[in-house]
Amino acid sequence: MQSWRDHMHVEETAKPVHYALLGVALIAVSSAGAVLQQMEGVPPILKASWRMYGTSLVLLPGFIYQWSRNTEWSMDKRDRMLIFFSAVFLALHFGSWIWSLDHTSLVHSLLFVTSHPLVVVALMPIIGASVRRGHVYGAIIGFLGASIALLEIEGNNEVTLIGDAAAFLGAITVVGYLMIGRHLRSSRSVPVFIYAFPVTLLAGLMLTIGSISLEGTYLTSTTPELSAFGWTDVLWLPWIAYLSLGPGLCGHTVINTALRWISPIVVSVALIFEPVIGGVIGWAITGDAYLGTWTLIGGPLMLVGAIMVTLEESRKSQNSDTHS
C-alpha cells in the first residue's frame with residue numbers, strides 16, 4: 001500500500017484530463033484478469049512466467065538508461081538480497097493469482113487478490129506499526145465481507161475455496177513485494193527501473209522453474225503451450241504484448257505518473273474498485289459474469305473495509321507529517 005508520505009506534494013493541480021488518464025489506466029489494469037482467463041490451454045504458472053518476461057522487455061530500455069546514468073550509485077549485498085526476496089514475493093503473487101483465475105470466478109479472484117489493505121492491518125502488530133480504530137473497523141468489515149462471500153462456494157460451481165485461497169495468497173505476497181519496493185525506492189533511493197527490471201525478470205525465471213516442476217512443462221517444446229518460450233509464438237505473442245503494454249505500461253506506469261497531479265489516496269481508493277471494473281470487462285468479453293447473492297453482499301463489504309483501511313492510513317500519515 002502506498003503511503004501518503006511517499007507522495008506528499010502534488011506538483012500540479014489535477015485537471016479533468018489527468019483524471020481521465022487515471023480512468024484509462026484503471027481500466028487497463030482491471031482488464032488483466034479477464035484477458036488471462038481467456039488464455040485457455042496454457043498452464044497458469046507458465047502463463048504467469050510469460051507475463052513476467054513480457055513486462056521485463058518493456059522495462060529493459062528504462063533499466064539500461066538508468067543504469068548508464070547512475071555511475072555514482074551502487075547496490076550493496078543487502079540490496080541484492082532484498083531484490084531477490086522481492087522477486088520471490090512477486091512470483092508467488094502472480095503465480096497464485098493467475099492460478100486462482102483457473103479455479104474460481106473472475107470476480108472472486110479479483111476481490112480476494114485486491115484485499116491486501118486488510119492484510120496490511122493484520123501485519124501491523126508484527127512489524128511494530130500502530131493500529132488505529134479505523135484500521136480495526138475496516139479490517140473487521142472487510143474480513144466479514146470475505147466470510148460472507150465465501151458462502152458462495154456452497155451454491156456456485158464456479159467459486160471454490162482453494163481458488164479464493166490462492167487469490168488471497170496473492171494479496172498476502174504482494175504486500176511483501178510492495179514493502180520491499182517502498183524501502184528500496186525511498187530509503188535506499190534505488191531508481192525505479194533498476195529495481196523493477198531485475199525483480200520482474202527473476203520472478204519470471206522462478207515461475208518457469210515452478211511451472212517445469214509442478215505443471216510438467218519444458219524449457220523448450222514444439223508445443224507453445226508447454227514451453228517457457230511459448231509466449232514468442234505468433235499465437236500468443238499478441239496476448240503477452242497486450243498484457244505488457246496495456247495493464248503493464250499503460251496501466252501501472254500511467255498510475256505512477258498520475259501521482260504527480262492526483263492525490264495518492266484518490267489513486268489508492270480508485271484501485272480498490274478493480275474487481276468491479278474487471279468483472280464488467282469480463283462480462284463484456286464473455287457475456288457471462290455470474291454474481292451470486294453472497295458475493296453481492298460480501299463483495300461490497302470487502303471493498304468498504306479496504307477503503308476504510310486506506311483512508312485511515314492516509315489520516316495516520318498526514319498526522320505524522322503534521323507533527324514531525
# chains A, B, ... in the order shown; residues from 1 in each chain; ligands from 1
>>> residues_around(residues="Ala306 (chain A)", least_positions_apart="3", cutoff="10 Å", atoms="only C-alpha atoms", output="number ranges by chain")
A: 114-119, 121, 135, 138-139, 141-143, 268-269, 272-273, 300-303, 309-312
>>> write_last_selection(atoms="C-alpha atoms", output="PDB file, in the first residue's frame")
ATOM      1  CA  THR A 114      -7.095  -6.824  -4.066  1.00  0.00           C
ATOM      2  CA  SER A 115      -7.773  -7.295  -0.349  1.00  0.00           C
ATOM      3  CA  HIS A 116      -4.144  -6.523   0.524  1.00  0.00           C
ATOM      4  CA  PRO A 117      -5.067  -3.423   2.604  1.00  0.00           C
ATOM      5  CA  LEU A 118      -6.747  -5.856   5.012  1.00  0.00           C
ATOM      6  CA  VAL A 119      -3.593  -7.996   5.066  1.00  0.00           C
ATOM      7  CA  VAL A 121      -3.690  -4.389   9.098  1.00  0.00           C
ATOM      8  CA  HIS A 135      -7.818   0.141  10.750  1.00  0.00           C
ATOM      9  CA  GLY A 138     -12.071  -1.553   8.267  1.00  0.00           C
ATOM     10  CA  ALA A 139     -10.438  -4.954   8.776  1.00  0.00           C
ATOM     11  CA  ILE A 141     -15.869  -5.172   7.921  1.00  0.00           C
ATOM     12  CA  GLY A 142     -13.549  -6.423   5.166  1.00  0.00           C
ATOM     13  CA  PHE A 143     -12.993  -9.862   6.651  1.00  0.00           C
ATOM     14  CA  SER A 268      -5.350   4.089  -3.906  1.00  0.00           C
ATOM     15  CA  VAL A 269      -9.115   4.170  -3.402  1.00  0.00           C
ATOM     16  CA  ILE A 272      -9.755  -0.852  -4.880  1.00  0.00           C
ATOM     17  CA  PHE A 273     -12.563  -0.861  -7.457  1.00  0.00           C
ATOM     18  CA  PRO A 300     -19.150  -4.609  -1.321  1.00  0.00           C
ATOM     19  CA  LEU A 301     -18.281  -5.121   2.369  1.00  0.00           C
ATOM     20  CA  MET A 302     -14.778  -6.213   1.339  1.00  0.00           C
ATOM     21  CA  LEU A 303     -14.413  -3.076  -0.779  1.00  0.00           C
ATOM     22  CA  VAL A 309      -8.217   0.976   5.933  1.00  0.00           C
ATOM     23  CA  THR A 310      -6.759   3.036   3.070  1.00  0.00           C
ATOM     24  CA  LEU A 311      -8.381   6.255   4.320  1.00  0.00           C
ATOM     25  CA  GLU A 312      -7.199   5.570   7.879  1.00  0.00           C
TER      26      GLU A 312
END
>>> select_by_dssp(residues="region 20-237 of chain A", states="helix (DSSP H, G or I)", output="PyMOL selection string")
chain A and resi 20-37+44-69+77-101+106-113+116-127+133-154+161-187+192-215+224-226+230-232+237
>>> residues_around(residues="Ala167 (chain A)", least_positions_apart="4", cutoff="6 Å", atoms="only C-alpha atoms", output="MDAnalysis selection string")
chainID A and resid 97 100 109 112:113
>>> residues_around(residues="Met52 (chain A)", least_positions_apart="5", cutoff="7 Å", atoms="only C-alpha atoms", output="list in words")
Thr200, Leu201, Ala203 and Gly204 of chain A
>>> write_last_selection(atoms="N, CA and C atoms", output="compact mmCIF listing (two decimals), in the first residue's frame")
# COMPACT_ATOMS: atom_id res chain seq x y z
N THR A 200 11.38 -8.29 -11.82
CA THR A 200 10.43 -8.91 -12.75
C THR A 200 11.05 -10.07 -13.50
N LEU A 201 12.29 -9.89 -13.97
CA LEU A 201 12.96 -10.96 -14.72
C LEU A 201 13.21 -12.17 -13.81
N ALA A 203 11.54 -12.99 -11.15
CA ALA A 203 10.24 -13.61 -10.89
C ALA A 203 9.83 -14.52 -12.04
N GLY A 204 10.07 -14.07 -13.27
CA GLY A 204 9.77 -14.90 -14.44
C GLY A 204 10.57 -16.20 -14.43
>>> residues_around(residues="Lys15 (chain A)", least_positions_apart="5", cutoff="12 Å", atoms="only C-alpha atoms", output="compact mmCIF listing (two decimals) with C-alpha atoms, in the first residue's frame")
# COMPACT_ATOMS: atom_id res chain seq x y z
CA ALA A 20 -9.28 10.69 -17.49
CA LEU A 21 -5.76 9.24 -17.71
CA LEU A 22 -6.25 7.62 -14.31
CA ALA A 258 -0.76 10.31 -12.31
CA ARG A 260 2.24 13.85 -9.97
CA TRP A 261 -1.16 15.53 -10.18
CA ILE A 262 -3.64 13.40 -8.25
>>> residues_around(residues="Ile194 (chain A)", least_positions_apart="6", cutoff="7 Å", atoms="only C-alpha atoms", output="list in words")
Phe63, Gln66 and Trp67 of chain A
>>> residues_around(residues="Ile45 (chain A)", least_positions_apart="5", cutoff="12 Å", atoms="only C-alpha atoms", output="count of residues only")
35
>>> decode(residues="region 274-302 of chain A", atoms="N, CA and C atoms", output="compact mmCIF listing (two decimals), in the first residue's frame")
# COMPACT_ATOMS: atom_id res chain seq x y z
N GLU A 274 -10.96 -2.25 -8.67
CA GLU A 274 -10.55 -3.14 -9.75
C GLU A 274 -11.47 -4.36 -9.91
N PRO A 275 -11.95 -4.99 -8.81
CA PRO A 275 -12.86 -6.13 -9.00
C PRO A 275 -14.15 -5.76 -9.74
N VAL A 276 -14.67 -4.57 -9.47
CA VAL A 276 -15.90 -4.14 -10.13
C VAL A 276 -15.66 -3.95 -11.63
N ILE A 277 -14.61 -3.18 -11.94
CA ILE A 277 -14.31 -2.89 -13.35
C ILE A 277 -13.88 -4.16 -14.07
N GLY A 278 -13.07 -4.98 -13.40
CA GLY A 278 -12.63 -6.24 -14.01
C GLY A 278 -13.79 -7.17 -14.29
N GLY A 279 -14.77 -7.21 -13.38
CA GLY A 279 -15.95 -8.04 -13.59
C GLY A 279 -16.76 -7.57 -14.79
N VAL A 280 -16.89 -6.25 -14.94
CA VAL A 280 -17.62 -5.69 -16.09
C VAL A 280 -16.88 -6.02 -17.39
N ILE A 281 -15.55 -5.90 -17.37
CA ILE A 281 -14.77 -6.23 -18.57
C ILE A 281 -14.91 -7.71 -18.91
N GLY A 282 -14.88 -8.57 -17.88
CA GLY A 282 -15.07 -10.00 -18.11
C GLY A 282 -16.42 -10.30 -18.72
N TRP A 283 -17.45 -9.61 -18.23
CA TRP A 283 -18.80 -9.79 -18.79
C TRP A 283 -18.84 -9.31 -20.24
N ALA A 284 -18.16 -8.19 -20.53
CA ALA A 284 -18.15 -7.65 -21.90
C ALA A 284 -17.45 -8.61 -22.87
N ILE A 285 -16.43 -9.32 -22.38
CA ILE A 285 -15.68 -10.23 -23.25
C ILE A 285 -16.42 -11.55 -23.45
N THR A 286 -16.97 -12.09 -22.36
CA THR A 286 -17.55 -13.43 -22.43
C THR A 286 -19.08 -13.43 -22.46
N GLY A 287 -19.69 -12.31 -22.04
CA GLY A 287 -21.15 -12.26 -21.94
C GLY A 287 -21.67 -13.02 -20.74
N ASP A 288 -20.77 -13.42 -19.84
CA ASP A 288 -21.16 -14.20 -18.68
C ASP A 288 -20.38 -13.71 -17.46
N ALA A 289 -21.09 -13.27 -16.43
CA ALA A 289 -20.45 -12.85 -15.19
C ALA A 289 -21.41 -13.13 -14.05
N TYR A 290 -21.43 -14.40 -13.63
CA TYR A 290 -22.37 -14.81 -12.59
C TYR A 290 -21.99 -14.17 -11.25
N LEU A 291 -22.95 -13.54 -10.62
CA LEU A 291 -22.78 -12.96 -9.29
C LEU A 291 -23.88 -13.50 -8.39
N GLY A 292 -23.48 -14.34 -7.45
CA GLY A 292 -24.45 -14.91 -6.53
C GLY A 292 -24.83 -13.93 -5.43
N THR A 293 -25.83 -14.30 -4.68
CA THR A 293 -26.33 -13.43 -3.60
C THR A 293 -25.25 -13.13 -2.57
N TRP A 294 -24.51 -14.17 -2.17
CA TRP A 294 -23.49 -13.98 -1.13
C TRP A 294 -22.36 -13.06 -1.61
N THR A 295 -22.01 -13.17 -2.90
CA THR A 295 -20.98 -12.27 -3.45
C THR A 295 -21.48 -10.83 -3.50
N LEU A 296 -22.75 -10.66 -3.84
CA LEU A 296 -23.33 -9.32 -3.90
C LEU A 296 -23.40 -8.67 -2.52
N ILE A 297 -23.48 -9.49 -1.48
CA ILE A 297 -23.50 -8.95 -0.11
C ILE A 297 -22.08 -8.78 0.42
N GLY A 298 -21.28 -9.82 0.30
CA GLY A 298 -19.94 -9.79 0.88
C GLY A 298 -18.94 -8.96 0.10
N GLY A 299 -19.05 -8.95 -1.23
CA GLY A 299 -18.10 -8.21 -2.06
C GLY A 299 -18.03 -6.73 -1.72
N PRO A 300 -19.19 -6.03 -1.69
CA PRO A 300 -19.15 -4.61 -1.32
C PRO A 300 -18.59 -4.37 0.08
N LEU A 301 -18.84 -5.28 1.02
CA LEU A 301 -18.28 -5.12 2.37
C LEU A 301 -16.76 -5.22 2.33
N MET A 302 -16.23 -6.12 1.48
CA MET A 302 -14.78 -6.21 1.34
C MET A 302 -14.20 -4.91 0.79
